[in-house]
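Containing compact mmCIF, N, CA and C atoms: coords15.txt.
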```txt
# COMPACT_ATOMS: atom_id res chain seq x y z
N MET A 1 45.55 -16.27 -23.74
CA MET A 1 46.03 -16.92 -22.53
C MET A 1 46.74 -18.21 -22.89
N SER A 2 47.64 -18.61 -22.03
CA SER A 2 48.42 -19.81 -22.32
C SER A 2 47.56 -21.06 -22.11
N GLU A 3 47.98 -22.14 -22.76
CA GLU A 3 47.24 -23.39 -22.66
C GLU A 3 47.30 -23.96 -21.25
N SER A 4 48.45 -23.85 -20.59
CA SER A 4 48.58 -24.40 -19.24
C SER A 4 47.68 -23.65 -18.26
N PHE A 5 47.52 -22.34 -18.46
CA PHE A 5 46.62 -21.59 -17.58
C PHE A 5 45.17 -21.98 -17.85
N MET A 6 44.82 -22.17 -19.11
CA MET A 6 43.44 -22.54 -19.44
C MET A 6 43.10 -23.93 -18.90
N GLU A 7 44.08 -24.84 -18.83
CA GLU A 7 43.85 -26.17 -18.30
C GLU A 7 43.70 -26.16 -16.78
N ASN A 8 44.46 -25.27 -16.11
CA ASN A 8 44.44 -25.23 -14.65
C ASN A 8 44.46 -23.78 -14.16
N PRO A 9 43.33 -23.08 -14.22
CA PRO A 9 43.32 -21.69 -13.77
C PRO A 9 43.38 -21.54 -12.26
N TRP A 10 43.26 -22.66 -11.55
CA TRP A 10 43.28 -22.61 -10.09
C TRP A 10 44.67 -22.33 -9.53
N GLY A 11 45.67 -22.38 -10.36
CA GLY A 11 47.02 -22.05 -9.91
C GLY A 11 47.13 -20.60 -9.47
N LEU A 12 46.21 -19.79 -9.94
CA LEU A 12 46.18 -18.38 -9.56
C LEU A 12 45.79 -18.19 -8.10
N ILE A 13 45.13 -19.19 -7.53
CA ILE A 13 44.72 -19.10 -6.12
C ILE A 13 45.94 -19.00 -5.21
N GLY A 14 47.04 -19.62 -5.57
CA GLY A 14 48.27 -19.53 -4.77
C GLY A 14 48.77 -18.10 -4.67
N ILE A 15 48.72 -17.39 -5.78
CA ILE A 15 49.16 -15.99 -5.77
C ILE A 15 48.22 -15.14 -4.94
N ILE A 16 46.94 -15.34 -5.09
CA ILE A 16 45.95 -14.58 -4.32
C ILE A 16 46.08 -14.90 -2.83
N GLY A 17 46.24 -16.19 -2.51
CA GLY A 17 46.42 -16.59 -1.11
C GLY A 17 47.67 -15.99 -0.50
N ALA A 18 48.76 -15.98 -1.25
CA ALA A 18 50.01 -15.40 -0.76
C ALA A 18 49.84 -13.90 -0.51
N GLY A 19 49.10 -13.22 -1.39
CA GLY A 19 48.84 -11.80 -1.20
C GLY A 19 48.03 -11.52 0.06
N ILE A 20 47.04 -12.36 0.32
CA ILE A 20 46.23 -12.20 1.53
C ILE A 20 47.06 -12.44 2.78
N ILE A 21 47.86 -13.49 2.77
CA ILE A 21 48.74 -13.78 3.91
C ILE A 21 49.73 -12.64 4.12
N LEU A 22 50.28 -12.11 3.03
CA LEU A 22 51.21 -10.99 3.11
C LEU A 22 50.56 -9.78 3.78
N LEU A 23 49.33 -9.46 3.41
CA LEU A 23 48.63 -8.34 4.03
C LEU A 23 48.38 -8.57 5.52
N ILE A 24 47.98 -9.77 5.88
CA ILE A 24 47.72 -10.08 7.29
C ILE A 24 49.00 -9.93 8.11
N VAL A 25 50.10 -10.51 7.63
CA VAL A 25 51.38 -10.42 8.34
C VAL A 25 51.84 -8.97 8.43
N TYR A 26 51.65 -8.20 7.35
CA TYR A 26 52.04 -6.80 7.36
C TYR A 26 51.31 -6.02 8.45
N PHE A 27 49.98 -6.19 8.53
CA PHE A 27 49.21 -5.44 9.51
C PHE A 27 49.51 -5.88 10.95
N ILE A 28 49.75 -7.16 11.15
CA ILE A 28 50.13 -7.64 12.48
C ILE A 28 51.48 -7.06 12.88
N ASN A 29 52.46 -7.11 11.96
CA ASN A 29 53.79 -6.56 12.23
C ASN A 29 53.72 -5.06 12.50
N ARG A 30 52.92 -4.36 11.74
CA ARG A 30 52.78 -2.91 11.92
C ARG A 30 52.16 -2.61 13.29
N HIS A 31 51.17 -3.39 13.69
CA HIS A 31 50.51 -3.19 14.99
C HIS A 31 51.50 -3.41 16.14
N ILE A 32 52.26 -4.49 16.08
CA ILE A 32 53.24 -4.79 17.12
C ILE A 32 54.34 -3.73 17.14
N GLY A 33 54.80 -3.31 15.97
CA GLY A 33 55.85 -2.30 15.88
C GLY A 33 55.43 -0.96 16.45
N LYS A 34 54.17 -0.57 16.24
CA LYS A 34 53.69 0.69 16.80
C LYS A 34 53.63 0.64 18.32
N LYS A 35 53.26 -0.51 18.86
CA LYS A 35 53.22 -0.65 20.32
C LYS A 35 54.61 -0.54 20.92
N LYS A 36 55.62 -1.06 20.23
CA LYS A 36 57.00 -1.04 20.74
C LYS A 36 57.77 0.19 20.26
N HIS A 37 57.13 1.09 19.54
CA HIS A 37 57.75 2.31 19.00
C HIS A 37 58.96 2.00 18.13
N LEU A 38 58.80 1.04 17.23
CA LEU A 38 59.91 0.64 16.37
C LEU A 38 60.05 1.53 15.13
N PHE A 39 59.02 2.27 14.79
CA PHE A 39 59.01 3.02 13.54
C PHE A 39 59.30 4.49 13.79
N ASP A 40 60.50 4.80 14.26
CA ASP A 40 60.90 6.17 14.56
C ASP A 40 61.54 6.82 13.33
N GLU A 41 62.16 7.99 13.51
CA GLU A 41 62.77 8.72 12.40
C GLU A 41 63.93 7.96 11.77
N ARG A 42 64.72 7.30 12.59
CA ARG A 42 65.85 6.53 12.07
C ARG A 42 65.36 5.41 11.17
N TYR A 43 64.31 4.73 11.58
CA TYR A 43 63.72 3.65 10.77
C TYR A 43 63.24 4.22 9.43
N ARG A 44 62.56 5.36 9.46
CA ARG A 44 62.05 5.96 8.23
C ARG A 44 63.18 6.36 7.30
N GLN A 45 64.26 6.92 7.85
CA GLN A 45 65.39 7.32 7.01
C GLN A 45 66.05 6.11 6.36
N GLN A 46 66.26 5.05 7.13
CA GLN A 46 66.86 3.83 6.58
C GLN A 46 65.96 3.21 5.52
N THR A 47 64.66 3.21 5.77
CA THR A 47 63.71 2.64 4.81
C THR A 47 63.71 3.44 3.52
N ASN A 48 63.74 4.77 3.62
CA ASN A 48 63.77 5.60 2.42
C ASN A 48 65.04 5.38 1.61
N ARG A 49 66.18 5.25 2.29
CA ARG A 49 67.44 4.99 1.58
C ARG A 49 67.40 3.63 0.90
N MET A 50 66.86 2.63 1.59
CA MET A 50 66.75 1.29 1.02
C MET A 50 65.85 1.30 -0.22
N LYS A 51 64.73 2.01 -0.14
CA LYS A 51 63.82 2.07 -1.29
C LYS A 51 64.47 2.78 -2.47
N ALA A 52 65.25 3.82 -2.20
CA ALA A 52 65.92 4.54 -3.27
C ALA A 52 66.93 3.64 -3.98
N ARG A 53 67.71 2.88 -3.22
CA ARG A 53 68.70 1.98 -3.83
C ARG A 53 68.00 0.84 -4.58
N SER A 54 66.92 0.36 -4.04
CA SER A 54 66.15 -0.68 -4.71
C SER A 54 65.59 -0.16 -6.03
N TRP A 55 65.12 1.07 -6.03
CA TRP A 55 64.59 1.70 -7.23
C TRP A 55 65.68 1.80 -8.30
N ASP A 56 66.87 2.23 -7.89
CA ASP A 56 67.99 2.33 -8.83
C ASP A 56 68.35 0.97 -9.40
N ALA A 57 68.37 -0.05 -8.56
CA ALA A 57 68.70 -1.40 -9.02
C ALA A 57 67.65 -1.92 -10.00
N MET A 58 66.39 -1.59 -9.77
CA MET A 58 65.33 -2.08 -10.67
C MET A 58 65.46 -1.49 -12.06
N ILE A 59 65.93 -0.26 -12.17
CA ILE A 59 66.13 0.32 -13.50
C ILE A 59 67.16 -0.50 -14.27
N VAL A 60 68.25 -0.88 -13.62
CA VAL A 60 69.28 -1.70 -14.27
C VAL A 60 68.71 -3.07 -14.62
N ILE A 61 67.95 -3.66 -13.71
CA ILE A 61 67.36 -4.99 -13.97
C ILE A 61 66.40 -4.94 -15.15
N TYR A 62 65.57 -3.89 -15.23
CA TYR A 62 64.66 -3.75 -16.37
C TYR A 62 65.42 -3.67 -17.68
N ILE A 63 66.50 -2.90 -17.71
CA ILE A 63 67.26 -2.75 -18.95
C ILE A 63 67.91 -4.07 -19.35
N ILE A 64 68.44 -4.82 -18.38
CA ILE A 64 69.02 -6.13 -18.69
C ILE A 64 67.95 -7.10 -19.19
N ALA A 65 66.80 -7.14 -18.50
CA ALA A 65 65.71 -8.03 -18.93
C ALA A 65 65.21 -7.64 -20.31
N TRP A 66 65.14 -6.36 -20.57
CA TRP A 66 64.71 -5.85 -21.87
C TRP A 66 65.64 -6.35 -22.96
N SER A 67 66.95 -6.28 -22.72
CA SER A 67 67.94 -6.75 -23.70
C SER A 67 67.82 -8.25 -23.93
N ILE A 68 67.64 -9.00 -22.86
CA ILE A 68 67.52 -10.46 -22.98
C ILE A 68 66.28 -10.84 -23.77
N VAL A 69 65.17 -10.15 -23.51
CA VAL A 69 63.93 -10.44 -24.25
C VAL A 69 64.12 -10.14 -25.73
N ILE A 70 64.77 -9.04 -26.05
CA ILE A 70 64.99 -8.69 -27.46
C ILE A 70 65.87 -9.75 -28.13
N ILE A 71 66.91 -10.22 -27.44
CA ILE A 71 67.82 -11.20 -28.04
C ILE A 71 67.13 -12.54 -28.25
N PHE A 72 66.41 -13.06 -27.24
CA PHE A 72 65.88 -14.42 -27.32
C PHE A 72 64.44 -14.50 -27.84
N ASP A 73 63.65 -13.45 -27.61
CA ASP A 73 62.24 -13.53 -27.98
C ASP A 73 61.88 -12.57 -29.10
N GLY A 74 62.73 -11.61 -29.37
CA GLY A 74 62.44 -10.63 -30.41
C GLY A 74 61.41 -9.61 -29.92
N ILE A 75 60.90 -8.84 -30.87
CA ILE A 75 59.90 -7.83 -30.55
C ILE A 75 58.54 -8.54 -30.53
N SER A 76 58.11 -8.90 -29.31
CA SER A 76 56.85 -9.62 -29.16
C SER A 76 56.14 -9.08 -27.93
N PHE A 77 55.17 -9.83 -27.43
CA PHE A 77 54.41 -9.40 -26.25
C PHE A 77 55.31 -9.14 -25.05
N SER A 78 56.30 -10.02 -24.85
CA SER A 78 57.22 -9.85 -23.72
C SER A 78 57.95 -8.52 -23.79
N PHE A 79 58.37 -8.14 -24.97
CA PHE A 79 59.06 -6.86 -25.15
C PHE A 79 58.16 -5.70 -24.76
N PHE A 80 56.93 -5.73 -25.23
CA PHE A 80 56.02 -4.62 -24.92
C PHE A 80 55.60 -4.62 -23.45
N LEU A 81 55.53 -5.79 -22.85
CA LEU A 81 55.20 -5.86 -21.41
C LEU A 81 56.32 -5.25 -20.58
N ILE A 82 57.55 -5.61 -20.87
CA ILE A 82 58.68 -5.04 -20.12
C ILE A 82 58.80 -3.55 -20.39
N THR A 83 58.53 -3.13 -21.63
CA THR A 83 58.55 -1.71 -21.95
C THR A 83 57.50 -0.96 -21.14
N ALA A 84 56.30 -1.51 -21.04
CA ALA A 84 55.23 -0.87 -20.26
C ALA A 84 55.60 -0.80 -18.78
N LEU A 85 56.21 -1.86 -18.25
CA LEU A 85 56.65 -1.84 -16.85
C LEU A 85 57.74 -0.79 -16.63
N TYR A 86 58.67 -0.71 -17.54
CA TYR A 86 59.77 0.26 -17.43
C TYR A 86 59.23 1.69 -17.49
N VAL A 87 58.32 1.95 -18.42
CA VAL A 87 57.75 3.29 -18.55
C VAL A 87 56.93 3.64 -17.31
N SER A 88 56.09 2.72 -16.83
CA SER A 88 55.29 3.01 -15.63
C SER A 88 56.19 3.19 -14.40
N HIS A 89 57.28 2.45 -14.34
CA HIS A 89 58.26 2.58 -13.26
C HIS A 89 58.83 4.00 -13.24
N ASN A 90 59.19 4.50 -14.39
CA ASN A 90 59.77 5.85 -14.47
C ASN A 90 58.72 6.94 -14.29
N ILE A 91 57.51 6.73 -14.75
CA ILE A 91 56.45 7.72 -14.55
C ILE A 91 56.12 7.86 -13.07
N THR A 92 56.07 6.74 -12.36
CA THR A 92 55.80 6.84 -10.92
C THR A 92 56.95 7.52 -10.19
N ALA A 93 58.18 7.34 -10.68
CA ALA A 93 59.32 8.04 -10.08
C ALA A 93 59.19 9.54 -10.29
N ILE A 94 58.78 9.95 -11.47
CA ILE A 94 58.59 11.37 -11.75
C ILE A 94 57.49 11.95 -10.87
N ILE A 95 56.37 11.25 -10.77
CA ILE A 95 55.25 11.72 -9.94
C ILE A 95 55.67 11.84 -8.48
N ALA A 96 56.36 10.84 -7.97
CA ALA A 96 56.82 10.88 -6.57
C ALA A 96 57.80 12.03 -6.36
N ASN A 97 58.71 12.23 -7.31
CA ASN A 97 59.66 13.34 -7.21
C ASN A 97 58.94 14.68 -7.16
N LEU A 98 58.00 14.88 -8.06
CA LEU A 98 57.26 16.14 -8.09
C LEU A 98 56.45 16.34 -6.82
N TYR A 99 55.84 15.28 -6.34
CA TYR A 99 55.04 15.37 -5.11
C TYR A 99 55.90 15.80 -3.91
N PHE A 100 57.01 15.13 -3.70
CA PHE A 100 57.85 15.44 -2.55
C PHE A 100 58.60 16.75 -2.73
N PHE A 101 58.92 17.13 -3.98
CA PHE A 101 59.57 18.41 -4.21
C PHE A 101 58.62 19.56 -3.88
N ASN A 102 57.36 19.42 -4.26
CA ASN A 102 56.37 20.48 -3.97
C ASN A 102 55.93 20.46 -2.52
N LYS A 103 56.07 19.34 -1.86
CA LYS A 103 55.66 19.22 -0.46
C LYS A 103 56.62 19.97 0.45
N GLU A 104 57.90 20.01 0.10
CA GLU A 104 58.90 20.65 0.97
C GLU A 104 59.07 22.09 0.67
```
What does the file become when written as structure tokens?
Amino acid sequence: MSESFMENPWGLIGIIGAGIILLIVYFINRHIGKKKHLFDERYRQQTNRMKARSWDAMIVIYIIAWSIVIIFDGISFSFFLITALYVSHNITAIIANLYFFNKE
């Protein structure tokens, strides 16, 4: 672990707090949206298209970040971390593809 984290581990509370607030806002928004019938077929189609484009963009971002890490940091922990994220990103894409392909 880094020295700055060991000196002040309470900085992690901000991330945990933000996650809790995010969940609360999500459930409140979902509750209000269901009452107003905001989540219809058109909403689902737009959301699916947005997620697909976001997924495509993340693959490009991972490859760029991977190249930058190799250039400036070499083959170190950062390289293996980005590699693990990239591999898990693609494995989840394969699993989702297989799931929805077999579902239809």
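Pairwise distance (atom C of A:Tyr86, atom N of A:Ile71) equals 17.3 Å.
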Open item on the list: I'd like to know which of A:Trp55, A:Val60, A:Ile32, A:Phe77 is closest to A:Thr92, using only C-alpha atoms.
Closed with: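 Under the stated criterion, the closest residue is A:Trp55.
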Open item on the list: To one decimal place in Å, what is the distance between atom CA of A:Tyr62 and atom CA of A:Ser78?
Closed with: 12.1 Å
TODO: Provide the atom CA of A:Ala84 to atom CA of A:Tyr26 distance in Å, to one decimal place.
DONE: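 These two atoms are separated by 28.4 Å.
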Task: Residues near A:Ile70, cut-off 12 Å, only C-alpha atoms, skip fewer than 5 positions along chain, as an MDAnalysis selection string - done: chainID A and resid 63:65 75:83
